[in-house]
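Have a look at the structure below, then the notes.
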Amino acid sequence: MSKTIAINAGSSSLKWQLYQMPEEIVIAKGIVERIGLADSIFTIKYGVGQKFEEIQDIPSHELAVQKLLEELINLKIIASFDEITGVGHRVVAGGESFKNSVLITDEVLEKIEDLAELAPLHNPANAAGIRAFKKILPEITSVAVFDTAFHATIPPVNYLYGLPKAYYQDFKIRKYGAHGTSHYYVSREAAEVLGKPLDETKLITAHIGNGGSITAIRHGRSIDTSMGFTPLAGVLMGTRSGDIDASILPFLMEKLGLTDINDAIDILNRKSGLLGLSGISSDMRDIIEARKAGNPDAELAFDVFINRIQKYIGQYFAVLNGADAIVFTAGIGENSTWVRSAIIKGLSWFGVAIDESKNVVGAQGDISAANSKVKVLVIPTDEELVIARDVEKIKNRS
Ligand code: ADP
């Protein structure tokens, strides 16, 4: 029996999902939170609604992986480690080096570590997860799946910044985007829902979660996306500002007496967005609750959030010269009827409209009004499945 594990390692967390392949059945999934802090939280969900949870100090990613593998045996989810034949790791930044998923060699791992300058919070954590698995299960097929890979098809006219060209040539400063695995997955599912060959579709995919990005996809290929050199750019997010005028940085540093630019960037990454504008929370559910209760800051934060997404969708109608569908996915896109409704209401000039009787909690698939020129789809994303499939593909090749 062949099992593949998909790993998403963050700086203090490790999310995972274990699949029976090629059947694509999820056997178990879990998360280790607060790695490196006191009272780490270790959770596994398996079987029919069974759950295992333990709180104990887990000081490193390696120990998190070790514990996870031990508990898979203890809970009889697997009988021996031999059953796991592949592991796929989500890696945030692949730069220009990785345009597809790859088998992880020592050279690949080094390159992922070198690319940390493009994703200082993420790539070192991803690499720690890779090292942990390599140490404990050195023989299994180990694959890296990059968040940026799907955006490798973006043309220079969309990935270049208006900076001296030497900075692109010498330092590779350009748009890389993120959430590629999600945009890739939902675009394929969307073509199915539309009943149209993928290479005839034009789609605007909106991955709206705690982080958010909008992508323009022509004939199955990403041609523009809202995130940039790093995931800080684009739409307003839970704690990230999204696009701002770069001149704000030195101005803000002077006003706040900051001497380290990383402190200013930290404000843009962690204290801005919904959290910064509302002063309440980075979580959309809290913003919606506060808004319903009449809190004006929550109302403004919500409105700015919607406005930025509408503007990107408007841009991408131009980039694609029209679209077959707008696709909503991720935590907010999949679950918030309010957010979907507010975004689409402002786009009526494009001939797009939602059927509110279909825009309900739990909606999936086509929620557009009968006369809508552009379809509106809700498609739950599944990045882990893409990772598991890529492991399978590469395993069968090698
Ligand atoms: P991440 O980027 O961390 O993977 P998710 O895709 O899980 O984020 O999305 C998290 C966001 O989804 C949070 O802002 C949360 O409030 C929001 N969310 C989840 N369910 C709902 C809901 N029913 N209504 C509105 N927002 C929701």
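Identifiers in this document derive from the order of the structure tokens: chains are assigned A, B, ..., residues are numbered from 1 separately in each chain, and ligands are numbered from 1 in order of occurrence.
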Mind listing the residues within 12 Å of ligand 1, only C-alpha atoms and all ligand atoms counted, as a compact mmCIF listing (two decimals) with C-alpha atoms, in the first residue's frame?
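Saved as result19.txt:
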# COMPACT_ATOMS: atom_id res chain seq x y z
CA ASN A 8 3.18 22.52 4.73
CA GLY A 10 5.53 27.28 8.59
CA SER A 13 3.79 25.11 12.57
CA LYS A 15 0.47 21.03 8.68
CA ALA A 178 2.29 33.12 -4.63
CA HIS A 179 -0.63 30.74 -3.93
CA SER A 182 -4.26 26.97 -5.33
CA ALA A 206 -9.61 35.02 -6.30
CA HIS A 207 -7.80 33.17 -3.51
CA ILE A 208 -9.08 35.09 -0.50
CA GLY A 209 -7.95 33.76 2.85
CA ASN A 210 -5.84 35.31 5.55
CA GLY A 211 -3.42 35.96 2.71
CA GLY A 212 -5.04 36.82 -0.60
CA SER A 213 -4.17 37.00 -4.27
CA PRO A 231 3.52 38.08 -0.85
CA LEU A 236 -5.40 44.18 1.28
CA MET A 237 -5.08 41.07 3.48
CA GLY A 238 -5.60 39.99 7.10
CA THR A 239 -2.45 41.69 8.38
CA ARG A 240 -0.68 42.75 5.16
CA GLY A 273 -4.50 45.09 6.44
CA LEU A 274 -7.84 44.32 8.11
CA LEU A 275 -6.13 44.34 11.51
CA SER A 281 -8.86 41.73 14.22
CA SER A 282 -7.23 40.25 11.15
CA ASP A 283 -9.99 37.63 11.00
CA MET A 284 -12.83 38.34 8.57
CA ARG A 285 -15.40 36.69 10.84
CA ASP A 286 -14.60 39.20 13.60
CA ILE A 287 -14.75 42.09 11.13
CA ILE A 288 -18.16 41.00 9.86
CA GLU A 289 -19.50 40.61 13.42
CA PHE A 302 -14.44 45.69 5.15
CA PHE A 305 -10.91 45.01 1.58
CA PHE A 328 -13.75 32.36 -5.39
CA THR A 329 -11.63 30.15 -3.15
CA ALA A 330 -9.82 29.88 0.27
CA GLY A 331 -11.20 30.65 3.76
CA ILE A 332 -13.07 33.85 2.93
CA GLY A 333 -13.79 33.16 -0.76
CA GLU A 334 -15.28 29.73 0.01
CA ASN A 335 -17.23 30.70 3.12
CA SER A 336 -18.31 34.32 3.11
CA THR A 337 -21.53 34.95 1.23
CA TRP A 338 -21.22 38.62 2.27
CA VAL A 339 -17.80 39.12 0.77
CA ARG A 340 -18.73 37.42 -2.53
CA SER A 341 -21.89 39.44 -2.77
CA VAL A 360 -25.52 30.43 0.47
CA VAL A 361 -23.33 28.94 3.20
CA GLY A 362 -21.80 25.74 1.84
CA ALA A 363 -22.33 26.78 -1.80
CA PRO A 380 -12.85 24.85 -2.54
CA THR A 381 -9.10 24.78 -3.01
CA ASP A 382 -7.01 21.68 -2.30
CA GLU A 383 -3.31 22.48 -2.33
CA GLU A 384 -2.42 19.27 -0.46
Exercise for the section: Give me the residues within 12 Å of Ile136 (chain A) as a PyMOL selection string, counting only C-alpha atoms and dropping any in the same chain fewer than 4 places off. Expected result: chain A and resi 61-70+81-82+84+87+129-132+140
File dump, residues just selected, N, CA and C atoms, as an mmCIF file, in the first residue's frame:
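Result saved to again.cif:
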data_model
loop_
_atom_site.group_PDB
_atom_site.id
_atom_site.type_symbol
_atom_site.label_atom_id
_atom_site.label_comp_id
_atom_site.auth_asym_id
_atom_site.auth_seq_id
_atom_site.Cartn_x
_atom_site.Cartn_y
_atom_site.Cartn_z
ATOM 1 N N HIS A 61 11.320 21.368 14.296
ATOM 2 C CA HIS A 61 10.568 20.709 13.220
ATOM 3 C C HIS A 61 10.912 19.221 13.171
ATOM 4 N N GLU A 62 12.196 18.919 13.446
ATOM 5 C CA GLU A 62 12.613 17.513 13.387
ATOM 6 C C GLU A 62 11.846 16.689 14.427
ATOM 7 N N LEU A 63 11.713 17.250 15.635
ATOM 8 C CA LEU A 63 10.986 16.515 16.681
ATOM 9 C C LEU A 63 9.487 16.446 16.361
ATOM 10 N N ALA A 64 8.996 17.463 15.699
ATOM 11 C CA ALA A 64 7.579 17.448 15.291
ATOM 12 C C ALA A 64 7.342 16.303 14.299
ATOM 13 N N VAL A 65 8.266 16.158 13.338
ATOM 14 C CA VAL A 65 8.133 15.091 12.337
ATOM 15 C C VAL A 65 8.265 13.728 13.009
ATOM 16 N N GLN A 66 9.240 13.636 13.931
ATOM 17 C CA GLN A 66 9.447 12.363 14.631
ATOM 18 C C GLN A 66 8.191 11.959 15.397
ATOM 19 N N LYS A 67 7.614 12.919 16.095
ATOM 20 C CA LYS A 67 6.413 12.621 16.890
ATOM 21 C C LYS A 67 5.247 12.240 15.976
ATOM 22 N N LEU A 68 5.113 12.984 14.901
ATOM 23 C CA LEU A 68 4.023 12.718 13.968
ATOM 24 C C LEU A 68 4.119 11.290 13.435
ATOM 25 N N LEU A 69 5.324 10.852 13.064
ATOM 26 C CA LEU A 69 5.485 9.502 12.519
ATOM 27 C C LEU A 69 5.214 8.450 13.604
ATOM 28 N N GLU A 70 5.705 8.711 14.816
ATOM 29 C CA GLU A 70 5.467 7.764 15.920
ATOM 30 C C GLU A 70 3.972 7.608 16.202
ATOM 31 N N PHE A 81 6.687 2.370 8.833
ATOM 32 C CA PHE A 81 7.085 3.536 8.028
ATOM 33 C C PHE A 81 7.208 3.197 6.543
ATOM 34 N N ASP A 82 7.457 1.899 6.243
ATOM 35 C CA ASP A 82 7.615 1.492 4.837
ATOM 36 C C ASP A 82 6.395 1.842 3.992
ATOM 37 N N ILE A 84 4.846 4.539 3.890
ATOM 38 C CA ILE A 84 4.939 5.905 3.331
ATOM 39 C C ILE A 84 6.051 5.901 2.283
ATOM 40 N N VAL A 87 6.913 11.911 0.024
ATOM 41 C CA VAL A 87 6.560 13.111 0.792
ATOM 42 C C VAL A 87 6.677 14.304 -0.144
ATOM 43 N N GLY A 129 11.482 21.540 7.399
ATOM 44 C CA GLY A 129 10.579 20.392 7.240
ATOM 45 C C GLY A 129 11.198 19.333 6.330
ATOM 46 N N ILE A 130 11.835 19.789 5.254
ATOM 47 C CA ILE A 130 12.470 18.858 4.300
ATOM 48 C C ILE A 130 13.604 18.097 4.990
ATOM 49 N N ARG A 131 14.447 18.838 5.714
ATOM 50 C CA ARG A 131 15.578 18.200 6.415
ATOM 51 C C ARG A 131 15.084 17.168 7.430
ATOM 52 N N ALA A 132 14.024 17.525 8.144
ATOM 53 C CA ALA A 132 13.503 16.619 9.180
ATOM 54 C C ALA A 132 13.074 15.293 8.550
ATOM 55 N N ILE A 140 12.598 7.691 1.078
ATOM 56 C CA ILE A 140 11.367 7.920 0.324
ATOM 57 C C ILE A 140 11.525 9.047 -0.702
#
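The closest residue to Phe133 (chain A), picked from A:Ala93, A:Ile7, A:Val48, A:Val32 and counting only C-alpha atoms, is A:Ile7.
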Exercise for the section: Mind the document's chain letters and residue numbers, and return as number ranges by chain the residues of region 13-96 of chain A that DSSP labels strand (DSSP E or B). Expected result: A: 14-20, 25-33, 40-46, 50-56, 84-91
Could you write out that same residue set with N, CA and C atoms as a compact mmCIF listing (two decimals), in the first residue's frame?
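See result.txt below for the written result:
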# COMPACT_ATOMS: atom_id res chain seq x y z
N LEU A 14 3.49 22.97 11.53
CA LEU A 14 3.68 21.98 10.47
C LEU A 14 2.33 21.32 10.23
N LYS A 15 1.77 21.63 9.05
CA LYS A 15 0.47 21.03 8.68
C LYS A 15 0.74 19.87 7.76
N TRP A 16 -0.03 18.81 7.88
CA TRP A 16 0.24 17.65 7.02
C TRP A 16 -1.05 16.92 6.69
N GLN A 17 -0.99 16.15 5.62
CA GLN A 17 -2.14 15.35 5.19
C GLN A 17 -1.59 14.06 4.59
N LEU A 18 -2.11 12.92 5.06
CA LEU A 18 -1.61 11.62 4.58
C LEU A 18 -2.64 11.02 3.62
N TYR A 19 -2.16 10.67 2.43
CA TYR A 19 -3.05 10.13 1.38
C TYR A 19 -2.74 8.68 1.06
N GLN A 20 -3.78 7.94 0.76
CA GLN A 20 -3.62 6.66 0.08
C GLN A 20 -3.60 6.98 -1.41
N ILE A 25 -7.21 9.08 -1.38
CA ILE A 25 -8.05 9.06 -0.17
C ILE A 25 -7.26 9.66 0.99
N VAL A 26 -7.87 10.63 1.69
CA VAL A 26 -7.19 11.21 2.86
C VAL A 26 -7.37 10.25 4.04
N ILE A 27 -6.25 9.73 4.56
CA ILE A 27 -6.32 8.77 5.66
C ILE A 27 -6.24 9.49 7.00
N ALA A 28 -5.44 10.52 7.04
CA ALA A 28 -5.29 11.28 8.29
C ALA A 28 -4.73 12.65 7.96
N LYS A 29 -4.97 13.59 8.85
CA LYS A 29 -4.35 14.90 8.67
C LYS A 29 -4.13 15.54 10.03
N GLY A 30 -3.26 16.51 10.07
CA GLY A 30 -3.02 17.11 11.38
C GLY A 30 -2.18 18.35 11.30
N ILE A 31 -1.93 18.89 12.47
CA ILE A 31 -1.15 20.11 12.56
C ILE A 31 -0.37 20.11 13.88
N VAL A 32 0.87 20.55 13.78
CA VAL A 32 1.65 20.79 15.00
C VAL A 32 1.81 22.30 15.08
N GLU A 33 1.32 22.88 16.15
CA GLU A 33 1.39 24.34 16.30
C GLU A 33 2.34 24.71 17.43
N SER A 40 3.47 23.24 22.89
CA SER A 40 3.12 23.03 21.47
C SER A 40 1.85 22.18 21.42
N ILE A 41 1.06 22.41 20.37
CA ILE A 41 -0.21 21.67 20.26
C ILE A 41 -0.10 20.70 19.10
N PHE A 42 -0.34 19.43 19.40
CA PHE A 42 -0.18 18.38 18.41
C PHE A 42 -1.54 17.74 18.15
N THR A 43 -2.05 17.84 16.94
CA THR A 43 -3.39 17.32 16.65
C THR A 43 -3.37 16.39 15.43
N ILE A 44 -4.07 15.27 15.55
CA ILE A 44 -4.27 14.39 14.39
C ILE A 44 -5.77 14.08 14.26
N LYS A 45 -6.29 14.18 13.04
CA LYS A 45 -7.66 13.74 12.78
C LYS A 45 -7.58 12.53 11.88
N TYR A 46 -8.32 11.49 12.18
CA TYR A 46 -8.22 10.26 11.38
C TYR A 46 -9.50 9.45 11.53
N GLN A 50 -12.36 10.60 14.32
CA GLN A 50 -11.51 10.45 15.51
C GLN A 50 -10.47 11.56 15.56
N LYS A 51 -10.13 11.95 16.80
CA LYS A 51 -9.19 13.04 16.96
C LYS A 51 -8.23 12.74 18.11
N PHE A 52 -6.95 13.01 17.89
CA PHE A 52 -5.94 12.85 18.93
C PHE A 52 -5.31 14.21 19.15
N GLU A 53 -5.28 14.66 20.41
CA GLU A 53 -4.66 15.96 20.68
C GLU A 53 -3.77 15.87 21.91
N GLU A 54 -2.62 16.48 21.84
CA GLU A 54 -1.71 16.45 22.98
C GLU A 54 -0.99 17.80 23.06
N ILE A 55 -0.77 18.24 24.28
CA ILE A 55 -0.01 19.48 24.44
C ILE A 55 1.30 19.15 25.14
N GLN A 56 2.38 19.41 24.48
CA GLN A 56 3.70 19.18 25.07
C GLN A 56 4.71 20.04 24.33
N ILE A 84 4.85 4.54 3.89
CA ILE A 84 4.94 5.90 3.33
C ILE A 84 6.05 5.90 2.28
N THR A 85 5.65 6.10 1.03
CA THR A 85 6.64 6.01 -0.05
C THR A 85 6.98 7.37 -0.64
N GLY A 86 6.22 8.38 -0.27
CA GLY A 86 6.52 9.69 -0.83
C GLY A 86 6.14 10.81 0.12
N VAL A 87 6.91 11.91 0.02
CA VAL A 87 6.56 13.11 0.79
C VAL A 87 6.68 14.30 -0.14
N GLY A 88 5.68 15.18 -0.07
CA GLY A 88 5.70 16.40 -0.88
C GLY A 88 5.72 17.60 0.04
N HIS A 89 6.64 18.52 -0.22
CA HIS A 89 6.76 19.70 0.64
C HIS A 89 6.33 20.95 -0.11
N ARG A 90 5.46 21.72 0.51
CA ARG A 90 5.14 23.02 -0.07
C ARG A 90 6.32 23.94 0.20
N VAL A 91 6.79 24.60 -0.85
CA VAL A 91 7.85 25.59 -0.69
C VAL A 91 7.32 26.90 -1.25
Would you mind listing what lies within 10 Å of Pro120 (chain A) as a compact mmCIF listing (two decimals) with N, CA, C and O atoms, in the first residue's frame, with only C-alpha atoms counted and same-chain residues fewer than 3 positions away left out?
# COMPACT_ATOMS: atom_id res chain seq x y z
N SER A 11 6.82 28.78 10.01
CA SER A 11 7.91 29.04 10.94
C SER A 11 7.69 28.36 12.29
O SER A 11 8.63 27.88 12.91
N VAL A 92 7.46 27.98 -0.47
CA VAL A 92 6.83 29.24 -0.87
C VAL A 92 7.54 29.89 -2.07
O VAL A 92 6.91 30.17 -3.08
N ALA A 93 8.86 30.09 -1.98
CA ALA A 93 9.55 30.79 -3.07
C ALA A 93 10.45 29.87 -3.88
O ALA A 93 11.34 29.24 -3.33
N GLU A 113 17.18 26.99 0.25
CA GLU A 113 17.69 27.79 1.37
C GLU A 113 18.23 29.13 0.87
O GLU A 113 18.03 30.16 1.49
N LEU A 115 17.14 30.75 -1.60
CA LEU A 115 16.00 31.59 -2.01
C LEU A 115 15.28 32.22 -0.82
O LEU A 115 14.29 32.93 -1.00
N ALA A 116 15.80 31.99 0.38
CA ALA A 116 15.18 32.57 1.58
C ALA A 116 15.11 34.09 1.51
O ALA A 116 14.26 34.71 2.12
N GLU A 117 15.99 34.70 0.70
CA GLU A 117 15.92 36.17 0.63
C GLU A 117 14.61 36.64 -0.02
O GLU A 117 14.20 37.77 0.18
N ASN A 123 10.71 30.18 3.48
CA ASN A 123 11.62 29.16 2.93
C ASN A 123 12.47 28.45 3.99
O ASN A 123 12.62 27.23 3.90
N PRO A 124 13.00 29.16 5.01
CA PRO A 124 13.78 28.43 6.02
C PRO A 124 12.93 27.39 6.76
O PRO A 124 13.40 26.29 7.05
N ALA A 125 11.65 27.71 6.99
CA ALA A 125 10.76 26.74 7.66
C ALA A 125 10.49 25.56 6.73
O ALA A 125 10.51 24.40 7.16
N THR A 230 7.37 39.68 -3.35
CA THR A 230 7.04 38.87 -2.16
C THR A 230 5.52 38.89 -2.00
O THR A 230 4.82 39.64 -2.69
